[in-house]
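Note: the block below is model.tsv and it holds TSV, C-alpha atoms.
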```tsv
chain	number	residue	atom	x	y	z
A	213	MET	CA	3.00	-4.92	27.12
A	214	ASN	CA	-0.43	-5.85	25.73
A	215	PHE	CA	-0.78	-5.56	21.95
A	216	ILE	CA	-4.10	-6.23	20.21
A	217	LEU	CA	-3.40	-7.22	16.62
A	218	VAL	CA	-6.54	-6.68	14.55
A	219	SER	CA	-7.15	-9.05	11.62
A	220	PRO	CA	-3.86	-10.85	12.30
A	221	ASN	CA	-4.51	-13.43	9.58
A	222	PHE	CA	-4.81	-11.15	6.53
A	223	PRO	CA	-2.74	-11.11	4.52
A	224	GLU	CA	-1.28	-14.38	5.72
A	225	THR	CA	2.28	-13.01	5.72
A	226	PHE	CA	1.27	-10.54	8.44
A	227	ARG	CA	1.42	-13.39	10.94
A	228	TRP	CA	5.10	-12.48	11.16
A	229	PHE	CA	4.19	-9.26	12.95
A	230	ALA	CA	2.64	-11.38	15.70
A	231	ILE	CA	5.58	-13.80	15.74
A	232	ARG	CA	8.25	-11.10	16.04
A	233	LEU	CA	6.27	-9.17	18.66
A	234	LYS	CA	5.93	-12.32	20.74
A	235	GLU	CA	9.67	-12.99	20.44
A	236	ASN	CA	10.26	-9.48	21.80
A	237	GLY	CA	8.27	-10.31	24.92
A	238	VAL	CA	5.03	-8.63	23.87
A	239	ASN	CA	1.70	-10.18	24.90
A	240	VAL	CA	-0.05	-10.54	21.53
A	241	LEU	CA	-3.85	-10.73	21.49
A	242	GLY	CA	-5.63	-11.51	18.23
A	243	LEU	CA	-8.91	-9.87	17.23
A	244	GLY	CA	-10.38	-11.02	13.92
A	245	ASP	CA	-13.38	-12.25	11.97
A	246	ALA	CA	-11.88	-15.54	10.75
A	247	PRO	CA	-12.67	-18.79	12.61
A	248	TYR	CA	-9.84	-19.75	14.92
A	249	ASP	CA	-9.35	-23.11	13.19
A	250	THR	CA	-8.52	-21.34	9.91
A	251	LEU	CA	-5.58	-19.39	11.37
A	252	HIS	CA	-2.06	-20.35	10.35
A	253	PRO	CA	-0.54	-22.73	12.94
A	254	GLU	CA	2.41	-20.37	13.49
A	255	LEU	CA	-0.02	-17.53	14.24
A	256	LYS	CA	-2.00	-19.66	16.67
A	257	SER	CA	1.19	-20.60	18.51
A	258	VAL	CA	2.08	-16.99	19.42
A	259	LEU	CA	-1.35	-15.54	20.23
A	260	THR	CA	-2.07	-15.54	23.95
A	261	GLU	CA	-5.76	-15.47	23.07
A	262	TYR	CA	-7.93	-14.92	20.01
A	263	TYR	CA	-11.30	-13.14	20.08
A	264	ARG	CA	-13.54	-13.62	17.06
A	265	VAL	CA	-16.21	-11.15	15.94
A	266	ASP	CA	-18.61	-11.50	13.02
A	267	ASP	CA	-17.76	-8.07	11.63
A	268	LEU	CA	-14.59	-6.08	12.26
A	269	GLY	CA	-16.54	-2.98	11.22
A	270	ASN	CA	-19.09	-3.31	14.03
A	271	TYR	CA	-17.97	-0.75	16.63
A	272	ASP	CA	-20.02	-2.19	19.51
A	273	ASP	CA	-18.63	-5.68	18.96
A	274	MET	CA	-15.09	-4.34	18.74
A	275	VAL	CA	-15.47	-2.33	21.95
A	276	ARG	CA	-16.81	-5.42	23.67
A	277	ALA	CA	-13.78	-7.40	22.49
A	278	VAL	CA	-11.26	-4.79	23.69
A	279	GLY	CA	-13.15	-4.53	26.97
A	280	TYR	CA	-12.85	-8.28	27.42
A	281	PHE	CA	-9.11	-8.21	26.77
A	282	THR	CA	-8.72	-5.30	29.20
A	283	PHE	CA	-10.57	-7.24	31.91
A	284	ARG	CA	-8.39	-10.32	31.32
A	285	TYR	CA	-4.96	-8.75	30.81
A	286	GLY	CA	-5.05	-5.18	32.10
A	287	LYS	CA	-4.56	-1.94	30.20
A	288	ILE	CA	-4.07	-2.31	26.46
A	289	ASP	CA	-0.89	-0.60	25.24
A	290	TRP	CA	-1.32	-0.98	21.47
A	291	ILE	CA	-4.12	-1.59	18.98
A	292	GLU	CA	-3.06	-1.95	15.36
A	293	SER	CA	-4.19	-3.75	12.23
A	294	ASN	CA	-1.52	-2.50	9.78
A	295	ASN	CA	-4.39	-2.70	7.30
A	296	GLU	CA	-5.79	0.34	5.47
A	297	TYR	CA	-9.35	-0.91	5.70
A	298	TRP	CA	-9.41	-0.89	9.51
A	299	LEU	CA	-7.39	2.25	10.31
A	300	GLU	CA	-10.47	4.24	11.30
A	301	MET	CA	-11.71	1.47	13.59
A	302	ASP	CA	-8.23	1.20	15.13
A	303	ALA	CA	-8.36	4.93	15.86
A	304	ALA	CA	-11.88	4.75	17.31
A	305	LEU	CA	-10.83	2.00	19.70
A	306	ARG	CA	-7.75	3.92	20.78
A	307	THR	CA	-10.00	6.88	21.51
A	308	ALA	CA	-12.47	4.79	23.51
A	309	PHE	CA	-9.74	3.17	25.63
A	310	ASN	CA	-7.30	6.11	25.75
A	311	ILE	CA	-4.48	4.28	24.01
A	312	THR	CA	-1.77	6.77	23.05
A	313	THR	CA	0.55	4.71	20.85
A	314	GLY	CA	-1.27	5.56	17.63
A	315	PRO	CA	-3.62	8.15	16.12
A	316	LYS	CA	-7.03	8.69	17.67
A	317	SER	CA	-10.21	9.55	15.78
A	318	ASP	CA	-9.53	13.30	15.68
A	319	ALA	CA	-6.28	12.73	13.77
A	320	ILE	CA	-7.13	9.90	11.43
A	321	GLN	CA	-9.23	11.93	9.00
A	322	GLY	CA	-6.17	13.83	7.82
A	323	TRP	CA	-4.61	10.47	6.94
A	324	LYS	CA	-7.66	9.05	5.17
A	325	SER	CA	-9.18	11.96	3.23
A	326	LYS	CA	-7.39	12.70	-0.03
A	327	LEU	CA	-8.62	16.31	0.10
A	328	ALA	CA	-7.16	16.70	3.58
A	329	MET	CA	-3.89	15.20	2.32
A	330	LYS	CA	-3.73	17.89	-0.39
A	331	GLU	CA	-4.12	20.62	2.22
A	332	THR	CA	-1.27	19.18	4.29
A	333	TYR	CA	0.96	18.93	1.22
A	334	GLN	CA	0.24	22.55	0.34
A	335	HIS	CA	0.97	23.80	3.87
A	336	ALA	CA	4.28	21.91	3.81
A	337	GLY	CA	5.25	23.30	0.40
A	338	ILE	CA	5.07	19.89	-1.29
A	339	PRO	CA	3.68	20.14	-4.84
A	340	CYS	CA	0.55	18.13	-5.63
A	341	ALA	CA	-2.14	17.95	-8.30
A	342	ARG	CA	-4.96	20.50	-8.24
A	343	CYS	CA	-8.31	19.02	-7.27
A	344	ILE	CA	-11.88	19.82	-6.21
A	345	PRO	CA	-14.64	17.99	-4.35
A	346	LEU	CA	-16.78	16.44	-7.08
A	347	THR	CA	-20.26	17.82	-6.43
A	348	THR	CA	-21.99	18.64	-9.73
A	349	LYS	CA	-21.32	18.29	-13.44
A	350	TYR	CA	-21.19	22.09	-13.67
A	351	ALA	CA	-18.44	22.23	-11.04
A	352	ALA	CA	-16.59	19.47	-12.88
A	353	LYS	CA	-16.78	21.30	-16.21
A	354	THR	CA	-15.58	24.52	-14.60
A	355	PHE	CA	-12.56	22.70	-13.16
A	356	ILE	CA	-11.82	20.95	-16.46
A	357	ALA	CA	-11.89	24.30	-18.22
A	358	GLN	CA	-8.94	25.26	-15.99
A	359	VAL	CA	-6.85	22.06	-16.11
A	360	GLY	CA	-7.99	20.36	-19.34
A	361	TYR	CA	-8.61	16.69	-20.10
A	362	PRO	CA	-7.82	14.06	-19.03
A	363	VAL	CA	-8.86	14.27	-15.38
A	364	VAL	CA	-8.96	11.64	-12.65
A	365	VAL	CA	-11.96	10.97	-10.40
A	366	LYS	CA	-11.52	8.97	-7.19
A	367	PRO	CA	-13.17	8.43	-3.79
A	368	ASP	CA	-12.07	10.94	-1.18
A	369	ASN	CA	-11.66	8.04	1.23
A	370	GLY	CA	-10.49	5.00	-0.67
A	371	VAL	CA	-7.81	2.34	-0.87
A	372	GLY	CA	-5.34	2.23	-3.76
A	373	ALA	CA	-6.82	2.73	-7.22
A	374	ASN	CA	-10.15	1.09	-6.48
A	375	ALA	CA	-13.10	2.98	-8.05
A	376	THR	CA	-10.62	5.43	-9.63
A	377	TYR	CA	-11.13	6.44	-13.25
A	378	ARG	CA	-9.54	8.61	-15.91
A	379	LEU	CA	-11.99	10.73	-17.92
A	380	GLU	CA	-10.63	11.51	-21.36
A	381	ASN	CA	-13.41	13.69	-22.79
A	382	GLU	CA	-16.92	15.06	-22.31
A	383	GLU	CA	-18.50	11.74	-23.25
A	384	ASP	CA	-16.65	10.07	-20.38
A	385	LEU	CA	-17.81	12.86	-18.06
A	386	ASP	CA	-21.44	12.44	-19.13
A	387	ARG	CA	-21.19	8.68	-18.67
A	388	PHE	CA	-19.74	9.12	-15.18
A	389	PHE	CA	-22.61	11.37	-14.11
A	390	LEU	CA	-25.27	8.97	-15.40
A	391	ALA	CA	-24.74	7.07	-12.14
A	392	PRO	CA	-22.96	9.46	-9.78
A	393	PRO	CA	-21.25	7.86	-6.77
A	394	GLN	CA	-22.99	7.81	-3.43
A	395	VAL	CA	-19.82	8.58	-1.47
A	396	PRO	CA	-17.69	11.76	-1.54
A	397	TYR	CA	-15.52	11.93	-4.65
A	398	LEU	CA	-12.89	14.34	-5.87
A	399	MET	CA	-11.63	15.30	-9.30
A	400	GLU	CA	-8.00	16.12	-9.91
A	401	GLU	CA	-5.82	17.05	-12.84
A	402	TYR	CA	-4.06	14.18	-14.54
A	403	LEU	CA	-0.32	14.01	-13.99
A	404	PRO	CA	1.96	12.08	-16.35
A	405	GLY	CA	4.21	10.19	-13.97
A	406	VAL	CA	5.49	6.98	-12.45
A	407	VAL	CA	4.44	6.10	-8.90
A	408	THR	CA	7.49	6.12	-6.64
A	409	THR	CA	7.19	5.40	-2.93
A	410	TYR	CA	8.90	5.92	0.40
A	411	ASP	CA	8.14	2.99	2.73
A	412	GLY	CA	9.40	2.26	6.19
A	413	VAL	CA	9.05	2.38	9.95
A	414	CYS	CA	9.41	5.35	12.29
A	415	ASN	CA	9.63	5.57	16.08
A	416	SER	CA	7.89	7.65	18.74
A	417	LYS	CA	9.94	10.73	17.79
A	418	GLY	CA	9.13	10.41	14.10
A	419	GLU	CA	12.68	9.26	13.35
A	420	VAL	CA	12.96	6.92	10.37
A	421	LEU	CA	14.37	3.59	11.55
A	422	PHE	CA	14.33	1.97	8.13
A	423	ALA	CA	13.14	2.94	4.64
A	424	VAL	CA	13.01	1.67	1.07
A	425	SER	CA	11.49	2.86	-2.19
A	426	HIS	CA	9.49	0.96	-4.76
A	427	VAL	CA	8.52	1.94	-8.30
A	428	THR	CA	5.43	1.04	-10.34
A	429	PRO	CA	6.22	1.74	-14.00
A	430	ASN	CA	2.67	1.16	-15.30
A	431	SER	CA	-0.36	3.15	-14.15
A	432	ILE	CA	-1.90	1.54	-11.06
A	433	MET	CA	-5.28	2.83	-12.25
A	434	ASP	CA	-4.84	1.02	-15.57
A	435	MET	CA	-3.75	-2.15	-13.78
A	436	VAL	CA	-7.06	-2.18	-11.90
A	437	ASN	CA	-9.38	-0.98	-14.68
A	438	GLU	CA	-7.73	-2.19	-17.89
A	439	GLY	CA	-5.80	-5.26	-16.76
A	440	VAL	CA	-2.49	-3.91	-18.10
A	441	PRO	CA	0.63	-5.84	-16.99
A	442	THR	CA	0.98	-5.64	-13.24
A	443	TYR	CA	4.49	-5.32	-11.95
A	444	TYR	CA	6.53	-3.17	-9.60
A	445	TYR	CA	9.92	-3.39	-7.99
A	446	ILE	CA	11.79	-2.50	-4.83
A	447	ASP	CA	14.75	-0.28	-5.69
A	448	GLU	CA	18.11	-1.44	-4.40
A	449	HIS	CA	18.51	1.94	-2.70
A	450	VAL	CA	16.38	4.98	-1.84
A	451	PRO	CA	17.07	7.86	-4.27
A	452	ALA	CA	18.20	11.01	-2.47
A	453	ASP	CA	15.24	13.10	-3.66
A	454	VAL	CA	12.79	10.40	-2.49
A	455	GLU	CA	14.48	10.39	0.92
A	456	ARG	CA	14.16	14.20	1.18
A	457	ILE	CA	10.51	14.48	0.15
A	458	GLY	CA	9.61	11.37	2.14
A	459	ARG	CA	11.02	12.74	5.40
A	460	LYS	CA	9.43	16.13	4.73
A	461	THR	CA	6.06	14.42	4.23
A	462	LEU	CA	6.39	12.40	7.44
A	463	GLN	CA	7.08	15.59	9.37
A	464	ALA	CA	4.16	17.42	7.74
A	465	PHE	CA	1.72	14.65	8.68
A	466	GLY	CA	3.16	14.15	12.16
A	467	VAL	CA	3.80	10.45	11.69
A	468	THR	CA	5.11	8.46	14.65
A	469	ARG	CA	5.24	4.84	15.86
A	470	ARG	CA	4.20	3.07	12.71
A	471	PHE	CA	4.75	1.65	9.29
A	472	PHE	CA	4.27	4.17	6.49
A	473	HIS	CA	3.76	3.92	2.72
A	474	LEU	CA	4.02	7.31	1.00
A	475	GLU	CA	3.27	7.65	-2.71
A	476	PHE	CA	4.65	10.24	-5.10
A	477	PHE	CA	4.54	10.82	-8.85
A	478	ARG	CA	7.87	11.17	-10.61
A	479	LEU	CA	6.84	13.35	-13.54
A	480	THR	CA	7.54	11.91	-16.99
A	481	GLU	CA	6.81	15.32	-18.56
A	482	THR	CA	7.35	18.86	-17.35
A	483	LYS	CA	4.16	20.15	-15.71
A	484	PRO	CA	3.97	23.95	-15.39
A	485	GLY	CA	3.37	25.00	-11.80
A	486	LEU	CA	4.40	21.60	-10.42
A	487	GLY	CA	7.84	20.72	-11.68
A	488	LYS	CA	10.13	19.67	-14.47
A	489	LYS	CA	10.37	16.18	-15.90
A	490	GLY	CA	11.80	13.92	-13.20
A	491	ALA	CA	10.49	15.99	-10.28
A	492	LEU	CA	8.53	14.38	-7.44
A	493	VAL	CA	4.93	15.39	-6.69
A	494	GLY	CA	2.83	14.33	-3.66
A	495	LEU	CA	0.17	11.71	-4.42
A	496	GLU	CA	-1.12	9.97	-1.26
A	497	VAL	CA	-0.05	8.93	2.21
A	498	ASN	CA	-0.86	5.52	3.64
A	499	MET	CA	-0.11	4.89	7.30
A	500	ARG	CA	0.39	1.15	7.03
A	501	PRO	CA	2.61	-1.28	5.13
A	502	ALA	CA	2.23	-1.46	1.37
A	503	GLY	CA	-0.18	-4.19	0.26
A	504	GLY	CA	0.18	-7.63	-1.22
A	505	PHE	CA	3.57	-9.28	-0.69
A	506	THR	CA	5.50	-6.01	-0.52
A	507	THR	CA	6.77	-6.62	3.01
A	508	GLU	CA	8.22	-9.93	1.82
A	509	MET	CA	9.76	-8.21	-1.21
A	510	ILE	CA	11.42	-5.63	1.03
A	511	ASN	CA	13.01	-8.46	3.01
A	512	TYR	CA	14.24	-10.17	-0.17
A	513	SER	CA	15.57	-6.92	-1.63
A	514	GLN	CA	17.30	-5.45	1.39
A	515	SER	CA	18.32	-8.62	3.27
A	516	VAL	CA	16.34	-7.52	6.31
A	517	ASP	CA	13.34	-8.57	8.38
A	518	VAL	CA	10.85	-5.68	8.41
A	519	TYR	CA	8.60	-7.55	10.83
A	520	GLN	CA	11.49	-7.59	13.30
A	521	ILE	CA	12.18	-3.90	12.67
A	522	TYR	CA	8.54	-3.11	13.43
A	523	ALA	CA	8.54	-5.32	16.54
A	524	ASP	CA	11.73	-3.63	17.78
A	525	MET	CA	10.08	-0.24	17.31
A	526	VAL	CA	7.07	-1.36	19.35
A	527	ALA	CA	9.05	-3.00	22.16
A	528	PHE	CA	12.18	-0.83	22.30
A	529	ASP	CA	11.45	2.30	20.20
A	530	GLN	CA	14.59	1.63	18.18
A	531	CYS	CA	15.92	-0.57	15.38
A	532	ARG	CA	18.01	-3.48	16.62
A	533	HIS	CA	18.15	-5.17	13.24
A	534	THR	CA	21.52	-6.05	11.70
A	535	TYR	CA	21.90	-6.03	7.93
A	536	ILE	CA	23.30	-9.38	6.88
A	537	GLY	CA	23.37	-9.42	3.09
A	538	PRO	CA	23.36	-7.54	-0.21
A	539	ARG	CA	20.72	-5.16	-1.50
A	540	ARG	CA	19.12	-6.01	-4.84
A	541	PHE	CA	16.23	-5.11	-7.08
A	542	CYS	CA	13.19	-7.22	-6.19
A	543	VAL	CA	10.36	-7.37	-8.74
A	544	TYR	CA	6.76	-8.55	-8.49
A	545	VAL	CA	5.01	-9.84	-11.62
A	546	GLY	CA	1.25	-10.50	-11.51
A	547	ARG	CA	-0.25	-12.32	-14.49
A	548	ARG	CA	-3.92	-12.70	-15.49
A	549	ARG	CA	-5.75	-16.01	-15.79
A	550	GLY	CA	-7.54	-15.00	-18.98
A	551	VAL	CA	-4.32	-14.30	-20.90
A	552	THR	CA	-2.19	-16.90	-22.71
A	553	TYR	CA	1.49	-16.05	-22.23
A	554	ASP	CA	4.48	-17.23	-24.20
A	555	TYR	CA	5.90	-18.96	-21.11
A	556	PRO	CA	3.66	-20.99	-18.76
A	557	LEU	CA	4.17	-20.06	-15.13
A	558	GLY	CA	6.08	-23.23	-14.22
A	559	GLU	CA	8.43	-22.94	-17.18
A	560	LEU	CA	9.06	-19.27	-16.43
A	561	ALA	CA	9.83	-20.09	-12.81
A	562	THR	CA	12.31	-22.78	-13.88
A	563	GLN	CA	14.10	-20.29	-16.13
A	564	CYS	CA	14.40	-17.84	-13.22
A	565	GLY	CA	16.62	-20.31	-11.39
A	566	GLY	CA	18.28	-18.83	-8.31
A	567	HIS	CA	16.62	-15.44	-8.87
A	568	LEU	CA	13.19	-16.82	-7.91
A	569	ARG	CA	11.99	-15.97	-4.41
A	570	GLN	CA	8.28	-16.73	-4.52
A	571	ILE	CA	5.65	-18.25	-6.81
A	572	GLY	CA	1.94	-18.65	-6.15
A	573	GLN	CA	-1.62	-17.40	-6.43
A	574	MET	CA	-2.85	-14.01	-5.26
A	575	PRO	CA	-5.82	-14.04	-2.82
A	576	PRO	CA	-9.07	-13.19	-4.68
A	577	ALA	CA	-9.51	-9.99	-2.66
A	578	LEU	CA	-6.27	-8.62	-4.17
A	579	ALA	CA	-6.27	-10.27	-7.60
A	580	GLY	CA	-8.14	-7.47	-9.38
A	581	ALA	CA	-5.27	-5.08	-8.89
A	582	MET	CA	-2.37	-7.49	-8.45
A	583	GLY	CA	-3.05	-10.28	-10.96
A	584	ASP	CA	-4.02	-13.89	-10.33
A	585	GLU	CA	-0.65	-15.67	-10.42
A	586	LEU	CA	2.57	-14.16	-9.16
A	587	LEU	CA	6.30	-14.46	-9.39
A	588	ILE	CA	8.78	-12.55	-7.21
A	589	CYS	CA	12.44	-12.45	-8.23
A	590	CYS	CA	15.63	-10.63	-7.23
A	591	TYR	CA	18.30	-9.29	-9.58
A	592	ASP	CA	21.58	-7.47	-9.15
A	593	THR	CA	20.94	-5.07	-12.05
A	594	LYS	CA	17.91	-3.29	-13.43
A	595	ALA	CA	18.75	-4.53	-16.93
A	596	GLU	CA	18.41	-8.16	-15.79
A	597	MET	CA	15.15	-7.35	-14.03
A	598	ASP	CA	13.72	-5.61	-17.10
A	599	GLN	CA	14.61	-8.59	-19.28
A	600	PHE	CA	12.72	-10.91	-16.89
A	601	VAL	CA	9.65	-8.64	-16.95
A	602	ARG	CA	9.58	-8.64	-20.76
A	603	LYS	CA	9.76	-12.42	-20.79
A	604	ALA	CA	7.06	-12.77	-18.10
A	605	PHE	CA	4.50	-10.78	-20.09
A	606	ALA	CA	5.49	-11.90	-23.59
A	607	LEU	CA	2.59	-13.18	-25.68
A	608	PRO	CA	2.86	-16.10	-28.12
A	609	ARG	CA	4.20	-14.92	-31.47
A	610	LYS	CA	0.92	-15.48	-33.32
A	611	GLN	CA	-0.96	-13.53	-30.64
A	612	ARG	CA	1.62	-10.74	-30.81
A	613	ARG	CA	1.17	-10.44	-34.60
A	614	VAL	CA	-2.61	-10.20	-34.26
A	615	ARG	CA	-2.28	-7.61	-31.55
A	616	THR	CA	0.14	-5.53	-33.65
A	617	HIS	CA	-2.17	-5.69	-36.67
A	618	HIS	CA	-5.11	-4.24	-34.73
A	619	SER	CA	-3.18	-1.66	-32.72
```

Can you turn what I pasted into structure tokens?
Amino acid sequence: MNFILVSPNFPETFRWFAIRLKENGVNVLGLGDAPYDTLHPELKSVLTEYYRVDDLGNYDDMVRAVGYFTFRYGKIDWIESNNEYWLEMDAALRTAFNITTGPKSDAIQGWKSKLAMKETYQHAGIPCARCIPLTTKYAAKTFIAQVGYPVVVKPDNGVGANATYRLENEEDLDRFFLAPPQVPYLMEEYLPGVVTTYDGVCNSKGEVLFAVSHVTPNSIMDMVNEGVPTYYYIDEHVPADVERIGRKTLQAFGVTRRFFHLEFFRLTETKPGLGKKGALVGLEVNMRPAGGFTTEMINYSQSVDVYQIYADMVAFDQCRHTYIGPRRFCVYVGRRRGVTYDYPLGELATQCGGHLRQIGQMPPALAGAMGDELLICCYDTKAEMDQFVRKAFALPRKQRRVRTHHS
């Protein structure tokens, strides 16, 4: 089996996809834009060959690369990046070379366009926020007259909360239209809720081989735009309602043979027409692993190896993984360089003791949303985890008093 792994070096932890595929007897071919000498030694050791291009977004160069691999190794069975940014290119290459183990170009738009996602949710009977294509200020005002402020504006085709904004009033709306975006945008009603996910791997029949759920208590949009404390956690188990709506969503979108990362809002207030407080509402679908170090966190939390689960799906269309340990809460804390915290990073890590799983710096490309320095810890109870989070973001007492005085 010939598997082209696109951008196999980013993020660096994704090298484990290549390693586990190789261990399952798969011929792994790397296609990236990084110089070969910069690749992690473990990644180099499992790649049969590496083809470098200047730009992974250049279709002609990518076709030339896949053509070269086809000439050298025969028909390509898989092309995958597991990276949101390259999903459309992955699909275009599958279309060009008739590779059937993933979506082709005619299917990918329904996975990338947020407006198309809303249509699929509606057809499947999954509640979601009302929205419109953002064309003119008049259309925006007409929509706001129906749903009220605040509203959210976001790219129709975008990653995470990048270039996503909450408009609180008419002044914000006027300011937004002073420099209207040059790409398709949509406007949707604001929903008070906590992002709750359904993440996992499914096989060629759409059967879920493994799944977890993670929760982001603070607004992801505010993490990106306002620098509010960045943290989220892997739940020790998947809540039953998340399992139900997650599987229903996978079926509605026809998901097979891949990692998935489905996002929902758990309403923190009753929203007429959508649901009562605590209900789940469709937000977005992402047909790749969650970003940052989430795959590592899943392993820490669930005592599994998700890279092995994925490789088993590719090679055998089943999960051969054996659970070997307990399931815990695993929390990510991302702190900002410009903020002075009560506990320096090293001191905080020492206090974590045996709960600490990872400490380090976030790559610059992800730091805006995820923070500059990170700690990942595991806890048996949510109360212990919450106590750690409070300590991680605590400000020095003097700074806290000043902040309270001005708030």

(message) One decimal, in Å: what's the spacing between CA of Leu233 in chain A and CA of Arg500 in chain A?
(response) 16.6 Å

(request) List every protein, DNA or RNA residue that has an atom no more than 8 Å from (1.8, -9.8, -10.9) in the file's coordinate frame, counting only C-alpha atoms, and report them as a list of chain:residue names. (result) A:Pro441, A:Thr442, A:Tyr443, A:Tyr544, A:Val545, A:Gly546, A:Arg547, A:Arg548, A:Met582, A:Gly583, A:Asp584, A:Glu585, A:Leu586, A:Leu587

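Take the candidates A:His449, A:Arg569, A:Lys330, A:Arg232 and check each one against His533 in chain A using all atoms listed in the file; the shortest distance goes to A:Arg232.
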
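Every protein, DNA or RNA residue with an atom at most 7 Å from range 518-526 of chain A, where all atoms listed in the file count and chain neighbours fewer than 5 positions away do not, is listed here: A:Trp228, A:Phe229, A:Arg232, A:Leu233, A:Asn236, A:Val413, A:Asn415, A:Thr507, A:Asn511, A:Cys531, A:Arg532, A:His533.
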
Would you mind exporting the chosen residues as a PDB file, in the coordinates of the input, restricted to C-alpha atoms?
```pdb
ATOM      1  CA  TRP A 228       5.100 -12.480  11.160  1.00  0.00           C
ATOM      2  CA  PHE A 229       4.190  -9.260  12.950  1.00  0.00           C
ATOM      3  CA  ARG A 232       8.250 -11.100  16.040  1.00  0.00           C
ATOM      4  CA  LEU A 233       6.270  -9.170  18.660  1.00  0.00           C
ATOM      5  CA  ASN A 236      10.260  -9.480  21.800  1.00  0.00           C
ATOM      6  CA  VAL A 413       9.050   2.380   9.950  1.00  0.00           C
ATOM      7  CA  ASN A 415       9.630   5.570  16.080  1.00  0.00           C
ATOM      8  CA  THR A 507       6.770  -6.620   3.010  1.00  0.00           C
ATOM      9  CA  ASN A 511      13.010  -8.460   3.010  1.00  0.00           C
ATOM     10  CA  CYS A 531      15.920  -0.570  15.380  1.00  0.00           C
ATOM     11  CA  ARG A 532      18.010  -3.480  16.620  1.00  0.00           C
ATOM     12  CA  HIS A 533      18.150  -5.170  13.240  1.00  0.00           C
TER      13      HIS A 533
END
```

(request) With a distance cut-off of 8 Å and only C-alpha atoms, select the neighbouring residues of Gly412 in chain A, excluding the residue or stretch itself and same-chain residues fewer than 4 positions from it, and output the selection as number ranges by chain. (result) A: 420-424, 471-473, 501

Could the residues in this selection be written to a file with C-alpha atoms, as a PDB file, keeping the file's coordinate frame?
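Result file out.pdb:
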```pdb
ATOM      1  CA  VAL A 420      12.960   6.920  10.370  1.00  0.00           C
ATOM      2  CA  LEU A 421      14.370   3.590  11.550  1.00  0.00           C
ATOM      3  CA  PHE A 422      14.330   1.970   8.130  1.00  0.00           C
ATOM      4  CA  ALA A 423      13.140   2.940   4.640  1.00  0.00           C
ATOM      5  CA  VAL A 424      13.010   1.670   1.070  1.00  0.00           C
ATOM      6  CA  PHE A 471       4.750   1.650   9.290  1.00  0.00           C
ATOM      7  CA  PHE A 472       4.270   4.170   6.490  1.00  0.00           C
ATOM      8  CA  HIS A 473       3.760   3.920   2.720  1.00  0.00           C
ATOM      9  CA  PRO A 501       2.610  -1.280   5.130  1.00  0.00           C
TER      10      PRO A 501
END
```

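For the pair CA of Asp592 in chain A and CA of Gly490 in chain A, the interatomic distance is 23.9 Å.
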
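Note that CA of Asn498 in chain A and CA of Gly537 in chain A are 28.5 Å apart.
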
Neighbour residues at most 6 Å from (12.0, 8.0, 2.2) (all atoms listed in the file) as a CSV table (one decimal) with C-alpha atoms, in the coordinates of the input:
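Contents of selection.csv, freshly written:
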```csv
chain,number,residue,atom,x,y,z
A,410,TYR,CA,8.9,5.9,0.4
A,423,ALA,CA,13.1,2.9,4.6
A,454,VAL,CA,12.8,10.4,-2.5
A,455,GLU,CA,14.5,10.4,0.9
A,458,GLY,CA,9.6,11.4,2.1
A,459,ARG,CA,11.0,12.7,5.4
```

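Distances to Asn294 in chain A were evaluated for A:Leu495, A:Val218, A:Leu385, A:Leu560 using only C-alpha atoms, and the minimum falls at A:Val218.
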
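All residues of protein, DNA or RNA that reach within 10 Å of Lys349 in chain A, judged by only C-alpha atoms and not counting those fewer than 3 positions away in the chain, are Leu346, Ala352, Lys353, Thr354, Phe355, Leu385, Asp386, Phe388, Phe389 and Pro392 of chain A.
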
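Take the candidates A:Thr408, A:Ser425, A:Thr347, A:Gln530 and check each one against Arg478 in chain A using all atoms listed in the file; the shortest distance goes to A:Thr408.
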
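Minimum distance to Ala304 in chain A across A:Val551, A:Met274, A:Met499, A:Ile288 (counting all atoms listed in the file) occurs at A:Met274.
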
(message) Here is a test: counting all atoms listed in the file, which residue of A:Leu403, A:Cys414, A:Ala606, A:Val427 is nearest to Lys489 in chain A?
(response) A:Leu403

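Among the candidates A:Phe309, A:Tyr280, A:Tyr512, A:Phe528, the residue lying nearest to Met213 in chain A is A:Phe528 (atoms considered: all atoms listed in the file).
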
Box for range 283-296 of chain A - axis-aligned, 6 Å on each of the six sides, all listed atoms - centre and size in Å to one decimal, as JSON.
```
{"center_x": -5.7, "center_y": -5.0, "center_z": 18.8, "size_x": 21.7, "size_y": 22.7, "size_z": 38.6}
```
